[in-house]
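Student: This is upload.txt (compact mmCIF, C-alpha atoms).
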# COMPACT_ATOMS: atom_id res chain seq x y z
CA MET A 167 -99.18 -65.15 -246.59
CA SER A 168 -99.18 -68.64 -245.16
CA ALA A 169 -96.02 -70.15 -243.72
CA THR A 170 -95.87 -72.63 -246.63
CA ILE A 171 -96.02 -69.90 -249.26
CA THR A 172 -93.52 -67.80 -247.32
CA THR A 173 -91.14 -70.74 -247.03
CA THR A 174 -91.48 -71.71 -250.68
CA THR A 175 -91.05 -68.15 -251.94
CA THR A 176 -88.10 -67.56 -249.66
CA ALA A 177 -86.51 -70.83 -250.82
CA LEU A 178 -86.88 -69.81 -254.47
CA VAL A 179 -85.38 -66.36 -253.88
CA VAL A 180 -82.50 -67.73 -251.80
CA PHE A 181 -81.86 -70.43 -254.43
CA ARG A 182 -81.83 -67.83 -257.23
CA VAL A 183 -79.47 -65.57 -255.33
CA GLY A 184 -77.18 -68.54 -254.63
CA TRP A 185 -77.42 -69.63 -258.28
CA GLY A 186 -76.37 -66.11 -259.23
CA PHE A 187 -72.98 -66.92 -257.67
CA VAL A 188 -72.46 -70.63 -258.41
CA GLY A 189 -74.65 -71.29 -261.46
CA GLY A 190 -73.75 -71.42 -265.11
CA ARG A 191 -72.08 -68.44 -266.77
CA ALA A 192 -75.31 -66.91 -268.15
CA SER A 193 -77.09 -67.23 -264.79
CA ARG A 194 -74.40 -65.48 -262.75
CA PHE A 195 -74.93 -61.93 -261.56
CA ALA A 196 -71.58 -60.92 -263.04
CA ASP A 197 -72.86 -61.88 -266.50
CA PHE A 198 -76.08 -59.92 -266.49
CA MET A 199 -75.36 -56.91 -264.33
CA PRO A 200 -76.12 -54.40 -267.09
CA ARG A 201 -74.01 -51.38 -267.93
CA TRP A 202 -75.74 -48.16 -269.01
CA ASP A 203 -74.10 -48.20 -272.44
CA ALA A 204 -75.32 -51.77 -273.05
CA ILE A 205 -78.84 -50.81 -271.94
CA GLY A 206 -78.79 -47.87 -274.37
CA ARG A 207 -77.59 -50.07 -277.26
CA HIS A 208 -80.29 -52.61 -276.52
CA VAL A 209 -83.07 -50.02 -276.31
CA ARG A 210 -81.90 -48.45 -279.59
CA GLY A 211 -81.89 -51.92 -281.17
CA LEU A 212 -85.43 -52.53 -279.93
CA ALA A 213 -86.53 -49.19 -281.38
CA ARG A 214 -85.17 -50.34 -284.77
CA LEU A 215 -86.91 -53.72 -284.25
CA ALA A 216 -83.48 -55.38 -284.35
CA PRO A 217 -82.17 -55.89 -280.80
CA PRO A 218 -78.62 -57.19 -280.54
CA ARG A 219 -78.40 -60.93 -279.92
CA THR A 220 -77.08 -61.98 -276.53
CA ILE A 221 -75.91 -65.33 -275.26
CA GLY A 222 -77.26 -64.85 -271.73
CA HIS A 223 -79.60 -62.19 -270.37
CA ASN A 224 -79.97 -59.09 -272.47
CA PRO A 225 -79.44 -55.84 -270.52
CA LEU A 226 -83.17 -55.28 -269.94
CA GLY A 227 -83.59 -58.91 -268.88
CA GLY A 228 -80.76 -58.45 -266.38
CA LEU A 229 -82.51 -55.38 -264.97
CA MET A 230 -85.72 -57.38 -264.73
CA VAL A 231 -84.05 -60.16 -262.72
CA LEU A 232 -82.68 -57.58 -260.28
CA ALA A 233 -86.10 -55.91 -260.03
CA PHE A 234 -87.82 -59.27 -259.41
CA LEU A 235 -85.40 -60.27 -256.68
CA ALA A 236 -85.57 -56.89 -254.95
CA ASP A 237 -89.36 -56.68 -255.12
CA ILE A 238 -89.92 -60.26 -253.96
CA ALA A 239 -87.56 -59.66 -251.03
CA VAL A 240 -89.62 -56.58 -250.07
CA VAL A 241 -92.85 -58.60 -250.34
CA ILE A 242 -91.44 -61.35 -248.10
CA VAL A 243 -89.95 -59.11 -245.42
CA THR A 244 -92.86 -56.68 -245.20
CA GLY A 245 -95.32 -59.58 -245.22
CA LEU A 246 -93.67 -61.13 -242.20
CA PHE A 247 -94.11 -57.95 -240.16
CA ALA A 248 -97.30 -56.53 -241.74
CA ALA A 249 -100.35 -55.81 -239.61
CA GLY A 250 -103.49 -55.32 -241.67
CA GLU A 251 -107.16 -55.12 -240.78
CA ASP A 252 -107.99 -58.70 -241.76
CA SER A 253 -104.68 -60.48 -241.28
CA HIS A 254 -101.14 -59.99 -240.13
CA GLY A 255 -97.73 -61.53 -240.63
CA PRO A 256 -96.32 -64.03 -238.16
CA LEU A 257 -93.74 -61.54 -236.86
CA ALA A 258 -96.14 -58.57 -236.56
CA PRO A 259 -96.20 -58.79 -232.73
CA PHE A 260 -92.55 -57.74 -232.70
CA VAL A 261 -93.14 -54.31 -234.24
CA PRO A 262 -95.36 -51.41 -233.11
CA ARG A 263 -98.84 -51.49 -234.63
CA TRP A 264 -98.30 -48.27 -236.60
CA LEU A 265 -95.18 -49.77 -238.19
CA GLY A 266 -97.04 -53.01 -238.92
CA ARG A 267 -99.72 -51.01 -240.75
CA VAL A 268 -97.09 -49.08 -242.74
CA LEU A 269 -95.39 -52.36 -243.64
CA ALA A 270 -98.78 -53.79 -244.71
CA GLU A 271 -99.20 -50.87 -247.13
CA ILE A 272 -95.67 -51.34 -248.49
CA HIS A 273 -96.36 -55.08 -248.77
CA GLU A 274 -99.50 -54.46 -250.82
CA GLY A 275 -97.73 -51.95 -253.07
CA ALA A 276 -94.79 -54.31 -253.63
CA ALA A 277 -97.19 -57.17 -254.45
CA ASN A 278 -98.97 -54.97 -257.00
CA LEU A 279 -95.61 -53.95 -258.46
CA LEU A 280 -94.72 -57.63 -258.76
CA ILE A 281 -97.80 -58.19 -260.92
CA LEU A 282 -96.68 -55.34 -263.20
CA LEU A 283 -93.15 -56.76 -263.35
CA ILE A 284 -94.51 -60.18 -264.31
CA ILE A 285 -96.64 -58.68 -267.11
CA GLY A 286 -93.67 -56.62 -268.33
CA HIS A 287 -91.41 -59.68 -268.23
CA VAL A 288 -93.82 -61.85 -270.21
CA LEU A 289 -94.30 -59.09 -272.81
CA GLY A 290 -90.55 -58.52 -273.00
CA VAL A 291 -89.86 -62.22 -273.55
CA LEU A 292 -92.54 -62.41 -276.26
CA ILE A 293 -91.30 -59.27 -278.06
CA GLU A 294 -87.64 -60.29 -277.83
CA SER A 295 -88.46 -63.83 -279.01
CA LEU A 296 -90.32 -62.49 -282.04
CA LEU A 297 -87.64 -59.94 -282.94
CA THR A 298 -84.64 -62.25 -282.48
CA ARG A 299 -86.42 -65.41 -283.68
CA GLU A 300 -85.14 -67.23 -280.60
CA ASN A 301 -87.19 -69.47 -278.35
CA LEU A 302 -86.42 -67.59 -275.13
CA VAL A 303 -88.96 -69.58 -273.10
CA ARG A 304 -87.06 -72.78 -273.91
CA ALA A 305 -83.76 -71.04 -273.19
CA MET A 306 -85.02 -69.86 -269.78
CA TRP A 307 -86.26 -73.34 -268.94
CA THR A 308 -83.20 -75.28 -270.11
CA GLY A 309 -80.51 -72.64 -269.62
CA ARG A 310 -79.38 -73.14 -273.22
CA LYS A 311 -79.68 -71.20 -276.47
CA ARG A 312 -78.81 -72.28 -279.98
CA LEU A 313 -75.40 -70.80 -280.68
CA SER A 314 -73.04 -70.60 -283.59
CA PRO A 315 -70.08 -72.99 -283.27
CA GLN A 316 -67.78 -70.00 -282.56
CA ALA A 317 -69.98 -68.69 -279.75
CA ALA A 318 -70.39 -72.17 -278.27
CA ALA A 319 -66.61 -72.74 -278.30
CA ALA A 320 -66.02 -69.45 -276.44
CA LEU A 321 -68.32 -70.42 -273.56
CA ALA A 322 -67.05 -72.12 -270.44
CA PRO A 323 -68.77 -75.40 -269.58
CA SER A 324 -72.17 -74.94 -267.94
CA ALA A 325 -72.74 -75.64 -264.28
CA GLY A 326 -73.81 -79.23 -263.81
CA MET A 327 -77.11 -80.42 -262.46
CA TRP A 328 -75.26 -81.70 -259.38
CA ARG A 329 -74.45 -78.11 -258.48
CA ALA A 330 -78.11 -77.08 -258.80
CA ALA A 331 -79.27 -80.10 -256.82
CA SER A 332 -76.68 -79.45 -254.10
CA LEU A 333 -77.69 -75.80 -253.79
CA ALA A 334 -81.39 -76.70 -253.75
CA ALA A 335 -80.80 -79.30 -251.02
CA LEU A 336 -78.80 -76.84 -248.94
CA VAL A 337 -81.41 -74.07 -249.28
CA GLY A 338 -84.21 -76.52 -248.56
CA ALA A 339 -82.51 -77.90 -245.46
CA VAL A 340 -81.78 -74.46 -244.04
CA LEU A 341 -85.31 -73.22 -244.63
CA VAL A 342 -86.92 -76.37 -243.30
CA LEU A 343 -84.90 -75.98 -240.11
CA ALA A 344 -85.65 -72.25 -239.89
CA PHE A 345 -89.37 -72.25 -240.72
CA ALA A 346 -90.75 -75.72 -240.05
CA ARG A 347 -89.60 -75.76 -236.42
CA THR A 348 -90.96 -72.28 -235.70
CA ASP A 349 -94.38 -72.16 -234.11
CA PHE A 350 -95.67 -68.98 -235.72
CA THR A 351 -99.06 -69.39 -234.06
CA ALA A 352 -97.42 -68.74 -230.68
CA LEU A 353 -96.27 -65.35 -231.97
CA THR A 354 -99.67 -64.09 -233.01
CA ARG A 355 -101.74 -61.72 -230.95
CA PRO A 356 -105.00 -59.99 -231.70
CA MET A 357 -104.37 -56.93 -233.83
Would you encode the structure as structure tokens?

Tutor:
Amino acid sequence: MSATITTTTTALVVFRVGWGFVGGRASRFADFMPRWDAIGRHVRGLARLAPPRTIGHNPLGGLMVLAFLADIAVVIVTGLFAAGEDSHGPLAPFVPRWLGRVLAEIHEGAANLLILLIIGHVLGVLIESLLTRENLVRAMWTGRKRLSPQAAAALAPSAGMWRAASLAALVGAVLVLAFARTDFTALTRPM
């Protein structure tokens, strides 16, 4: 993975984790950390082709966010230290070759899992959108769903764009300082 892709991916993951603490109510980890009983209700609703309506992430969507973040973190970390036949990560010289090869295998497996997670996520969004008659793609993009007046009144005000911009600027500045000033080429050695 190139340094630019690594930096961009890392920035997105760090931003999303930060947004999980300071973002709007429906984007916070506390809102979509699913409970087993809620997962069961949702799966039973899907089996009846009538999933319960949720304001934020449904329980399976919450699980998917956690799976995405965990898998992408594994892809990033293992990619930094991986030592493959054709290429290696910028930090591979700091681990024994055997470990670099093991990390390369884990990296490849996690990348393949990510593809499966993406396919599952897209299918889940399509199925849920059809069954609930909600435009979930728009809701994911804007952070808003159409709500009844009662549901809208019960919600706390959403996090403002200034909060998102501030977090993005902070994450960007930290990563630019961390990655842009590092000469990864000086760390490489023939593998």

Student: Could you please determine the separation between CA of Phe187 in chain A and CA of Ile171 in chain A in Å, to one decimal place?

Tutor: 24.7 Å

Student: Give me, as a list of chain:residue names, all polymer residues having an atom no more than 12 Å from Phe195 in chain A, counting all atoms listed in the file and skipping those fewer than 6 positions away in the same chain.

Tutor: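 My list of contacting residues is A:Arg182, A:Val183, A:Gly184, A:Trp185, A:Gly186, A:Phe187, A:Val188, A:Gly189, A:Gly222, A:His223, A:Pro225, A:Gly227, A:Gly228, A:Leu229, A:Val231, A:Leu232, A:Leu235.
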
Student: Restricting the calculation to only C-alpha atoms: of A:Gly250, A:Pro217, A:Pro200, A:Gly190, which residue gets closest to Gly290 in chain A?

Tutor: A:Pro217

Student: Taking only C-alpha atoms into account, which of A:Leu341, A:His254, A:Val179, A:Arg304 comes nearest Val291 in chain A?

Tutor: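 Nearest candidate to Val291 in chain A out of A:Leu341, A:His254, A:Val179, A:Arg304: A:Arg304.
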
Student: Counting all atoms listed in the file, which residues have an atom no more than 12 Å from (-82.5, -55.7, -282.2) in the file's coordinates? Please list them as a JSON list (two decimals) with C-alpha atoms, in the frame of the given file.

Tutor:
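After the write, selection24.json holds the following:
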[["chain", "number", "residue", "atom", "x", "y", "z"],
["A", 205, "ILE", "CA", -78.84, -50.81, -271.94],
["A", 206, "GLY", "CA", -78.79, -47.87, -274.37],
["A", 207, "ARG", "CA", -77.59, -50.07, -277.26],
["A", 208, "HIS", "CA", -80.29, -52.61, -276.52],
["A", 209, "VAL", "CA", -83.07, -50.02, -276.31],
["A", 210, "ARG", "CA", -81.90, -48.45, -279.59],
["A", 211, "GLY", "CA", -81.89, -51.92, -281.17],
["A", 212, "LEU", "CA", -85.43, -52.53, -279.93],
["A", 213, "ALA", "CA", -86.53, -49.19, -281.38],
["A", 214, "ARG", "CA", -85.17, -50.34, -284.77],
["A", 215, "LEU", "CA", -86.91, -53.72, -284.25],
["A", 216, "ALA", "CA", -83.48, -55.38, -284.35],
["A", 217, "PRO", "CA", -82.17, -55.89, -280.80],
["A", 218, "PRO", "CA", -78.62, -57.19, -280.54],
["A", 219, "ARG", "CA", -78.40, -60.93, -279.92],
["A", 220, "THR", "CA", -77.08, -61.98, -276.53],
["A", 224, "ASN", "CA", -79.97, -59.09, -272.47],
["A", 293, "ILE", "CA", -91.30, -59.27, -278.06],
["A", 294, "GLU", "CA", -87.64, -60.29, -277.83],
["A", 295, "SER", "CA", -88.46, -63.83, -279.01],
["A", 296, "LEU", "CA", -90.32, -62.49, -282.04],
["A", 297, "LEU", "CA", -87.64, -59.94, -282.94],
["A", 298, "THR", "CA", -84.64, -62.25, -282.48],
["A", 299, "ARG", "CA", -86.42, -65.41, -283.68],
["A", 300, "GLU", "CA", -85.14, -67.23, -280.60]]

Student: Go through A:Asn278, A:Ile238, A:Thr308, A:Thr172 and flag the residue nearest Val342 in chain A, using all atoms listed in the file for the distances.

Tutor: A:Thr172

Student: Using all atoms listed in the file, find the one residue out of A:Met306, A:Leu269, A:Ala331, A:Ile285 that sits nearest to Ala248 in chain A.

Tutor: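 Nearest to Ala248 in chain A: A:Leu269.
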
Student: Tell me which residues come within 9 Å of (-103.7, -58.2, -240.3), as a list in words, counting only C-alpha atoms in the file's coordinates.

Tutor: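 Those residues, ordered by chain and then number, are Ala248, Ala249, Gly250, Glu251, Asp252, Ser253, His254, Gly255, Ala258, Gly266, Arg267, Ala270, Pro356 and Met357 of chain A.
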
Student: Counting only C-alpha atoms, which residue out of A:Val268, A:Ala334, A:Ala276, A:Leu282 sits closest to Val240 in chain A?

Tutor: A:Ala276

Student: With all atoms listed in the file as the basis for distance, which of A:Ser193, A:Thr244, A:Ser332, A:Thr173 is at the shortest distance from Gly275 in chain A?

Tutor: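 Once distances to Gly275 in chain A are computed over all atoms listed in the file, the minimum belongs to A:Thr244.
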
Student: To one decimal place, how far is CA of Asp237 in chain A from CA of Thr175 in chain A in Å?

Tutor: 12.0 Å

Student: How far is it from CA of Trp328 in chain A to CA of Arg191 in chain A, in Å with one decimal?

Tutor: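 Separation of CA of Trp328 in chain A and CA of Arg191 in chain A: 15.5 Å.
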